[in-house]
$ cat structure14.tsv   # TSV, C-alpha atoms
chain	number	residue	atom	x	y	z
A	22	MET	CA	134.79	139.33	115.57
A	23	THR	CA	136.85	140.20	112.51
A	24	GLU	CA	136.44	137.49	109.93
A	25	TYR	CA	139.57	135.48	109.22
A	26	ARG	CA	139.25	132.01	107.73
A	27	LEU	CA	140.36	129.68	104.98
A	28	ASP	CA	137.91	128.99	102.19
A	29	MET	CA	135.82	126.13	103.52
A	30	GLN	CA	135.12	124.57	100.15
A	31	ASP	CA	138.82	124.44	99.28
A	32	THR	CA	139.62	123.00	102.71
A	33	LYS	CA	137.00	120.27	102.41
A	34	ARG	CA	138.32	119.20	99.02
A	35	GLU	CA	141.86	118.90	100.32
A	36	ILE	CA	141.29	116.73	103.39
A	37	ASP	CA	141.29	112.97	102.85
A	38	TRP	CA	139.99	111.87	106.24
A	39	HIS	CA	140.30	108.20	105.35
A	40	GLY	CA	143.97	108.66	104.46
A	41	PHE	CA	146.46	109.51	107.19
A	42	ASN	CA	146.64	112.95	108.78
A	43	ILE	CA	148.38	114.53	111.74
A	44	ILE	CA	146.76	117.35	113.69
A	45	ALA	CA	149.19	119.15	115.98
A	46	GLY	CA	149.49	122.28	118.06
A	47	PRO	CA	149.16	123.56	121.62
A	48	CYS	CA	146.47	122.48	124.03
A	49	SER	CA	145.47	126.11	124.60
A	50	ILE	CA	146.13	129.20	122.53
A	51	GLU	CA	148.09	131.53	124.79
A	52	SER	CA	148.99	134.36	122.39
A	53	TYR	CA	149.14	135.11	118.69
A	54	GLU	CA	152.97	135.18	118.79
A	55	SER	CA	153.44	131.79	120.47
A	56	LEU	CA	150.83	130.14	118.24
A	57	TYR	CA	152.42	131.56	115.09
A	58	ALA	CA	155.90	130.40	116.14
A	59	THR	CA	154.65	126.86	116.73
A	60	ALA	CA	152.54	126.81	113.58
A	61	LEU	CA	155.44	127.95	111.40
A	62	GLU	CA	157.59	125.08	112.66
A	63	LEU	CA	154.75	122.61	112.13
A	64	LYS	CA	154.28	123.77	108.56
A	65	GLN	CA	157.97	123.32	107.86
A	66	MET	CA	157.60	119.72	109.06
A	67	GLY	CA	154.83	119.19	106.54
A	68	ILE	CA	151.91	119.26	109.00
A	69	ARG	CA	148.88	121.01	107.49
A	70	MET	CA	146.38	120.85	110.35
A	71	LEU	CA	146.84	123.24	113.27
A	72	ARG	CA	144.99	122.61	116.53
A	73	GLY	CA	144.56	125.03	119.41
A	74	GLY	CA	142.02	125.44	122.18
A	75	ALA	CA	140.17	128.74	122.55
A	76	TYR	CA	137.44	127.67	124.97
A	77	LYS	CA	138.64	125.14	127.51
A	78	LEU	CA	136.34	123.10	129.74
A	79	ARG	CA	138.38	122.58	132.91
A	80	THR	CA	137.59	120.46	135.95
A	81	SER	CA	138.97	123.13	138.27
A	82	LEU	CA	137.43	126.58	138.28
A	83	HIS	CA	140.90	127.99	138.93
A	84	SER	CA	142.56	126.46	135.83
A	85	PHE	CA	143.22	128.47	132.66
A	86	ARG	CA	140.07	128.28	130.54
A	87	GLY	CA	141.38	129.74	127.30
A	88	LEU	CA	141.33	133.13	125.58
A	89	GLY	CA	137.82	132.65	124.24
A	90	ASP	CA	136.90	134.76	121.23
A	91	ALA	CA	140.42	136.21	121.04
A	92	GLY	CA	141.81	132.68	120.76
A	93	VAL	CA	139.51	131.94	117.83
A	94	LEU	CA	140.79	135.07	116.10
A	95	HIS	CA	144.42	134.12	116.70
A	96	LEU	CA	143.93	130.60	115.35
A	97	SER	CA	141.97	131.79	112.34
A	98	GLN	CA	144.51	134.46	111.46
A	99	VAL	CA	147.57	132.22	111.90
A	100	ALA	CA	145.97	129.48	109.80
A	101	LYS	CA	145.09	131.97	107.07
A	102	GLU	CA	148.57	133.50	106.99
A	103	LEU	CA	150.35	130.13	106.86
A	104	ASP	CA	147.76	128.36	104.68
A	105	LEU	CA	146.98	125.77	107.35
A	106	ILE	CA	143.72	124.10	108.32
A	107	SER	CA	142.43	125.32	111.69
A	108	VAL	CA	141.09	122.81	114.24
A	109	SER	CA	139.50	123.75	117.57
A	110	GLU	CA	137.00	122.46	120.11
A	111	CYS	CA	133.51	123.94	120.15
A	112	THR	CA	132.11	123.76	123.67
A	113	GLN	CA	128.67	125.36	123.51
A	114	VAL	CA	125.72	125.77	121.17
A	115	ASP	CA	125.84	129.56	121.01
A	116	LYS	CA	129.41	129.44	119.65
A	117	VAL	CA	128.73	127.02	116.78
A	118	GLU	CA	127.75	129.53	114.10
A	119	ASP	CA	130.57	131.95	114.88
A	120	MET	CA	133.26	129.24	115.03
A	121	SER	CA	131.89	127.69	111.85
A	122	ARG	CA	132.49	130.98	109.99
A	123	HIS	CA	135.98	131.53	111.32
A	124	LEU	CA	137.51	128.06	111.60
A	125	ASP	CA	137.73	124.97	109.44
A	126	VAL	CA	137.36	121.85	111.59
A	127	LEU	CA	135.36	121.74	114.84
A	128	VAL	CA	135.95	119.27	117.65
A	129	VAL	CA	133.52	117.80	120.16
A	130	GLY	CA	135.50	117.13	123.33
A	131	THR	CA	135.06	114.18	125.65
A	132	ARG	CA	132.90	116.13	128.12
A	133	ASN	CA	130.46	117.04	125.34
A	134	MET	CA	130.01	113.69	123.64
A	135	HIS	CA	126.61	113.45	125.37
A	136	ASN	CA	125.70	117.11	124.74
A	137	TYR	CA	123.03	116.34	122.17
A	138	PRO	CA	121.91	119.94	121.51
A	139	LEU	CA	125.53	120.77	120.66
A	140	LEU	CA	125.79	117.72	118.37
A	141	GLU	CA	122.59	118.71	116.56
A	142	ALA	CA	123.85	122.27	116.09
A	143	LEU	CA	127.19	121.07	114.72
A	144	ALA	CA	125.38	118.69	112.37
A	145	GLN	CA	123.90	121.68	110.58
A	146	VAL	CA	127.09	123.59	109.75
A	147	PRO	CA	129.33	122.64	106.79
A	148	ASN	CA	132.54	122.15	108.77
A	149	PRO	CA	134.11	118.73	109.26
A	150	VAL	CA	133.64	117.56	112.86
A	151	ILE	CA	135.87	115.41	115.05
A	152	LEU	CA	133.89	113.55	117.73
A	153	LYS	CA	135.95	112.49	120.73
A	154	ARG	CA	134.86	109.54	122.82
A	155	GLY	CA	133.52	110.21	126.30
A	156	ILE	CA	135.73	109.04	129.15
A	157	ALA	CA	133.28	106.28	130.11
A	158	ALA	CA	131.37	105.81	126.85
A	159	THR	CA	130.74	102.41	125.31
A	160	TYR	CA	131.22	101.87	121.59
A	161	SER	CA	127.45	101.85	121.10
A	162	GLU	CA	127.03	105.15	122.96
A	163	TRP	CA	129.82	106.69	120.89
A	164	GLN	CA	128.14	105.46	117.71
A	165	ALA	CA	124.81	106.87	118.87
A	166	ALA	CA	126.43	110.27	119.41
A	167	ALA	CA	127.84	110.09	115.89
A	168	GLU	CA	124.34	109.50	114.55
A	169	TYR	CA	123.25	112.89	115.91
A	170	LEU	CA	125.89	114.43	113.66
A	171	LEU	CA	125.06	112.26	110.68
A	172	GLN	CA	121.31	112.89	110.76
A	173	TYR	CA	121.50	116.00	108.54
A	174	GLY	CA	123.92	114.44	106.07
A	175	LYS	CA	127.21	115.44	107.70
A	176	LYS	CA	129.77	114.08	105.24
A	177	ASP	CA	133.02	114.78	107.02
A	178	LEU	CA	132.80	113.16	110.45
A	179	VAL	CA	135.81	111.73	112.24
A	180	LEU	CA	135.89	109.73	115.47
A	181	CYS	CA	138.72	110.23	117.96
A	182	GLU	CA	139.71	107.82	120.72
A	183	ARG	CA	141.40	109.78	123.52
A	184	GLY	CA	141.50	107.28	126.35
A	185	ILE	CA	138.87	106.07	128.78
A	186	ARG	CA	138.69	106.13	132.57
A	187	SER	CA	139.81	102.90	134.22
A	188	PHE	CA	141.30	101.76	137.53
A	189	GLU	CA	144.86	102.50	136.36
A	190	ARG	CA	146.56	105.63	137.72
A	191	GLU	CA	149.99	105.48	136.07
A	192	THR	CA	148.51	107.20	133.03
A	193	ARG	CA	145.92	109.95	132.82
A	194	TYR	CA	143.50	107.62	131.01
A	195	THR	CA	143.71	104.19	129.38
A	196	LEU	CA	144.12	104.20	125.60
A	197	ASP	CA	141.73	101.73	123.99
A	198	ILE	CA	143.43	100.54	120.80
A	199	SER	CA	140.52	98.13	120.22
A	200	ALA	CA	138.40	101.17	119.38
A	201	LEU	CA	140.20	101.50	116.06
A	202	PRO	CA	139.09	98.30	114.30
A	203	VAL	CA	135.78	98.10	116.17
A	204	MET	CA	134.56	101.61	115.31
A	205	GLN	CA	135.96	101.51	111.77
A	206	ARG	CA	133.91	98.34	111.26
A	207	LYS	CA	130.77	99.50	113.11
A	208	CYS	CA	130.55	102.99	111.65
A	209	GLY	CA	132.66	103.01	108.50
A	210	LEU	CA	134.13	106.30	109.74
A	211	PRO	CA	137.78	107.28	110.04
A	212	VAL	CA	139.14	106.89	113.57
A	213	TYR	CA	141.93	109.05	114.97
A	214	ILE	CA	143.92	108.62	118.18
A	215	ASP	CA	144.85	111.31	120.71
A	216	PRO	CA	147.82	109.86	122.63
A	217	SER	CA	148.46	113.13	124.47
A	218	HIS	CA	145.24	113.06	126.51
A	219	ALA	CA	145.32	109.28	126.80
A	220	SER	CA	148.72	109.24	128.50
A	221	GLY	CA	149.03	112.60	130.21
A	222	ASP	CA	152.79	112.08	129.93
A	223	ARG	CA	154.88	113.41	127.04
A	224	ASP	CA	157.37	110.54	127.43
A	225	LEU	CA	154.62	108.04	126.57
A	226	VAL	CA	153.14	109.91	123.62
A	227	PRO	CA	155.52	108.56	120.92
A	228	ALA	CA	154.98	104.91	121.88
A	229	LEU	CA	151.20	105.25	121.93
A	230	ALA	CA	151.23	107.16	118.66
A	231	LEU	CA	153.26	104.45	116.94
A	232	ALA	CA	151.00	101.73	118.36
A	233	ALA	CA	148.01	103.58	116.91
A	234	VAL	CA	149.65	103.87	113.50
A	235	ALA	CA	150.49	100.16	113.49
A	236	ALA	CA	146.89	99.33	114.46
A	237	GLY	CA	145.49	101.24	111.49
A	238	ALA	CA	144.61	104.69	112.82
A	239	ASN	CA	143.51	107.16	110.17
A	240	GLY	CA	145.31	109.95	111.96
A	241	LEU	CA	146.74	111.38	115.16
A	242	MET	CA	145.88	114.43	117.24
A	243	LEU	CA	148.96	115.58	119.13
A	244	GLU	CA	149.66	118.35	121.61
A	245	ALA	CA	152.93	119.97	120.57
A	246	ALA	CA	154.40	123.41	121.19
A	247	ILE	CA	157.59	125.34	120.70
A	248	ASN	CA	158.05	125.67	124.49
A	249	PRO	CA	156.07	122.74	125.94
A	250	CYS	CA	157.39	122.96	129.49
A	251	THR	CA	156.04	126.48	129.91
A	252	SER	CA	152.59	125.71	128.49
A	253	ILE	CA	149.82	127.00	130.74
A	254	CYS	CA	147.60	124.02	129.98
A	255	ASP	CA	148.61	120.33	129.86
A	256	ALA	CA	152.35	121.00	129.87
A	257	SER	CA	153.13	117.47	131.10
A	258	GLN	CA	151.63	115.84	128.00
A	259	THR	CA	152.76	118.37	125.39
A	260	ILE	CA	155.71	117.19	123.30
A	261	SER	CA	158.49	119.38	121.94
A	262	LEU	CA	158.82	120.06	118.24
A	263	ASP	CA	162.12	118.15	118.23
A	264	THR	CA	160.32	115.11	119.61
A	265	LEU	CA	157.59	115.56	117.02
A	266	GLY	CA	160.15	115.73	114.21
A	267	HIS	CA	161.70	112.44	115.33
A	268	LEU	CA	158.26	110.88	115.76
A	269	LEU	CA	157.29	111.81	112.20
A	270	LYS	CA	160.24	109.78	110.89
A	271	GLN	CA	159.21	106.80	113.03
A	272	ILE	CA	155.62	107.08	111.86
A	273	GLN	CA	156.73	107.00	108.25
A	274	ALA	CA	158.86	103.93	108.94
A	275	VAL	CA	155.93	102.11	110.58
A	276	ARG	CA	153.52	103.04	107.80
A	277	THR	CA	156.02	101.83	105.20
A	278	ALA	CA	156.54	98.54	107.07
A	279	ILE	CA	152.84	97.73	107.45
A	280	SER	CA	152.08	98.62	103.83
A	281	LYS	CA	154.45	95.96	102.48
A	282	ASP	CA	153.08	92.59	101.52
A	283	VAL	CA	154.09	89.87	103.96

$ encode --input "structure14.tsv" --output "structure tokens"
Amino acid sequence: MTEYRLDMQDTKREIDWHGFNIIAGPCSIESYESLYATALELKQMGIRMLRGGAYKLRTSLHSFRGLGDAGVLHLSQVAKELDLISVSECTQVDKVEDMSRHLDVLVVGTRNMHNYPLLEALAQVPNPVILKRGIAATYSEWQAAAEYLLQYGKKDLVLCERGIRSFERETRYTLDISALPVMQRKCGLPVYIDPSHASGDRDLVPALALAAVAAGANGLMLEAAINPCTSICDASQTISLDTLGHLLKQIQAVRTAISKDV
């Protein structure tokens, strides 16, 4: 693979994980052109962290499973050209070193929270890591997974609540807002919320995002694209950039309101 990447040391200095950040972009990278078009709009909105899936773990064998190495190249190149921070899920041990060289922030998805060899491999690279909660994981199990990443002195570790499996079927998963204060207290780590995967419905994403902000989330991970309805992967939960622009204004209003002394 041709090496495209931001300078990792500069990237690490610039990210305040305990502040408030928004990570946005498509569920799956479909082409360089579509990713660049979305990323350019995101940058103009002031979003600095670009997400995109290159390797997708899918329940169905017949679903789109990403562009693989080509997707990593596209994300790395777009991030470099637009001076953005690249964020993508790492799904297997033998991809850790390569993704570490090319991308900035690596994500452990819900299916891999219990993949301890992967956690140990990610613990040994310098990249910040976002650890998503498993769909049926308890807080203690989530914390234990985090300890695999912390064992080698991983400094930049972020937890991400993305919804858990419950008896409810109106939403894709059930967003557990309680995870925010509980895990912030138990682990002392920043906790982000992924309302896109939690809801599975783009119409619900803004409400869940605002609830997370009001509850003290350190950041949001959102699926957003320039043409969300035509997205190959997770189209139903991907919001438009117009919706994202409006949501950013609402987020600012909520953050301003909760920061005022009562």

$ residues_around --input "structure14.tsv" --residues "Ile279 in chain A" --least-positions-apart "6" --cutoff "12 Å" --atoms "all atoms listed in the file" --output "number ranges by chain"
A: 231-232, 234-237, 272-273

$ residues_around --input "structure14.tsv" --residues "Cys250 in chain A" --least-positions-apart "3" --cutoff "12 Å" --atoms "all atoms listed in the file" --output "list in words"
Pro47, Asp222, Arg223, Glu244, Ala245, Ala246, Ile247, Ile253, Cys254, Asp255, Ala256, Ser257, Gln258, Thr259, Ile260, Ser261 and Leu262 of chain A

$ residues_around --input "structure14.tsv" --residues "range 156-159 of chain A" --least-positions-apart "2" --cutoff "8 Å" --atoms "all atoms listed in the file" --output "short mmCIF file (atom, residue, chain, number, x, y, z; two decimals) with C-alpha atoms, keeping the file's coordinate frame"
data_model
loop_
_atom_site.label_atom_id
_atom_site.label_comp_id
_atom_site.auth_asym_id
_atom_site.auth_seq_id
_atom_site.Cartn_x
_atom_site.Cartn_y
_atom_site.Cartn_z
CA THR A 131 135.06 114.18 125.65
CA ARG A 132 132.90 116.13 128.12
CA ARG A 154 134.86 109.54 122.82
CA SER A 161 127.45 101.85 121.10
CA GLU A 162 127.03 105.15 122.96
CA TRP A 163 129.82 106.69 120.89
CA GLY A 184 141.50 107.28 126.35
CA ILE A 185 138.87 106.07 128.78
CA ARG A 186 138.69 106.13 132.57
#

$ closest_atom_pairs --input "structure14.tsv" --of "range 119-194 of chain A" --to "range 91-106 of chain A" --cutoff "8 Å" --atoms "all atoms listed in the file" --output "JSON lines"
{"residue": "A:Met120", "atom": "CA", "partner": "A:Val93", "partner_atom": "CA", "distance": 7.4}
{"residue": "A:His123", "atom": "CA", "partner": "A:Ser97", "partner_atom": "CA", "distance": 6.1}
{"residue": "A:Leu124", "atom": "CA", "partner": "A:Ser97", "partner_atom": "CA", "distance": 5.9}
{"residue": "A:Asp125", "atom": "CA", "partner": "A:Ile106", "partner_atom": "CA", "distance": 6.2}
{"residue": "A:Val126", "atom": "CA", "partner": "A:Ile106", "partner_atom": "CA", "distance": 7.5}

$ closest_residue --input "structure14.tsv" --among "A:Leu241, A:Ile198, A:Leu71, A:Val146" --to "Ser109 in chain A" --atoms "all atoms listed in the file"
A:Leu71

$ closest_residue --input "structure14.tsv" --among "A:Asp263, A:Leu152, A:Glu54, A:Tyr194" --to "Tyr213 in chain A" --atoms "only C-alpha atoms"
A:Leu152

$ closest_residue --input "structure14.tsv" --among "A:Pro138, A:Met242, A:Val179, A:Lys270" --to "Ile44 in chain A" --atoms "all atoms listed in the file"
A:Met242

$ atom_distance --input "structure14.tsv" --atom1 "CA of Leu196 in chain A" --atom2 "CA of Asn239 in chain A"
15.7 Å

$ closest_residue --input "structure14.tsv" --among "A:Gln145, A:Asn136, A:Ser49, A:Ser187" --to "Glu118 in chain A" --atoms "all atoms listed in the file"
A:Gln145

$ residues_around --input "structure14.tsv" --residues "range 203-206 of chain A" --least-positions-apart "2" --cutoff "9 Å" --atoms "all atoms listed in the file" --output "MDAnalysis selection string"
chainID A and resid 160 163:164 180 199:201 208:212
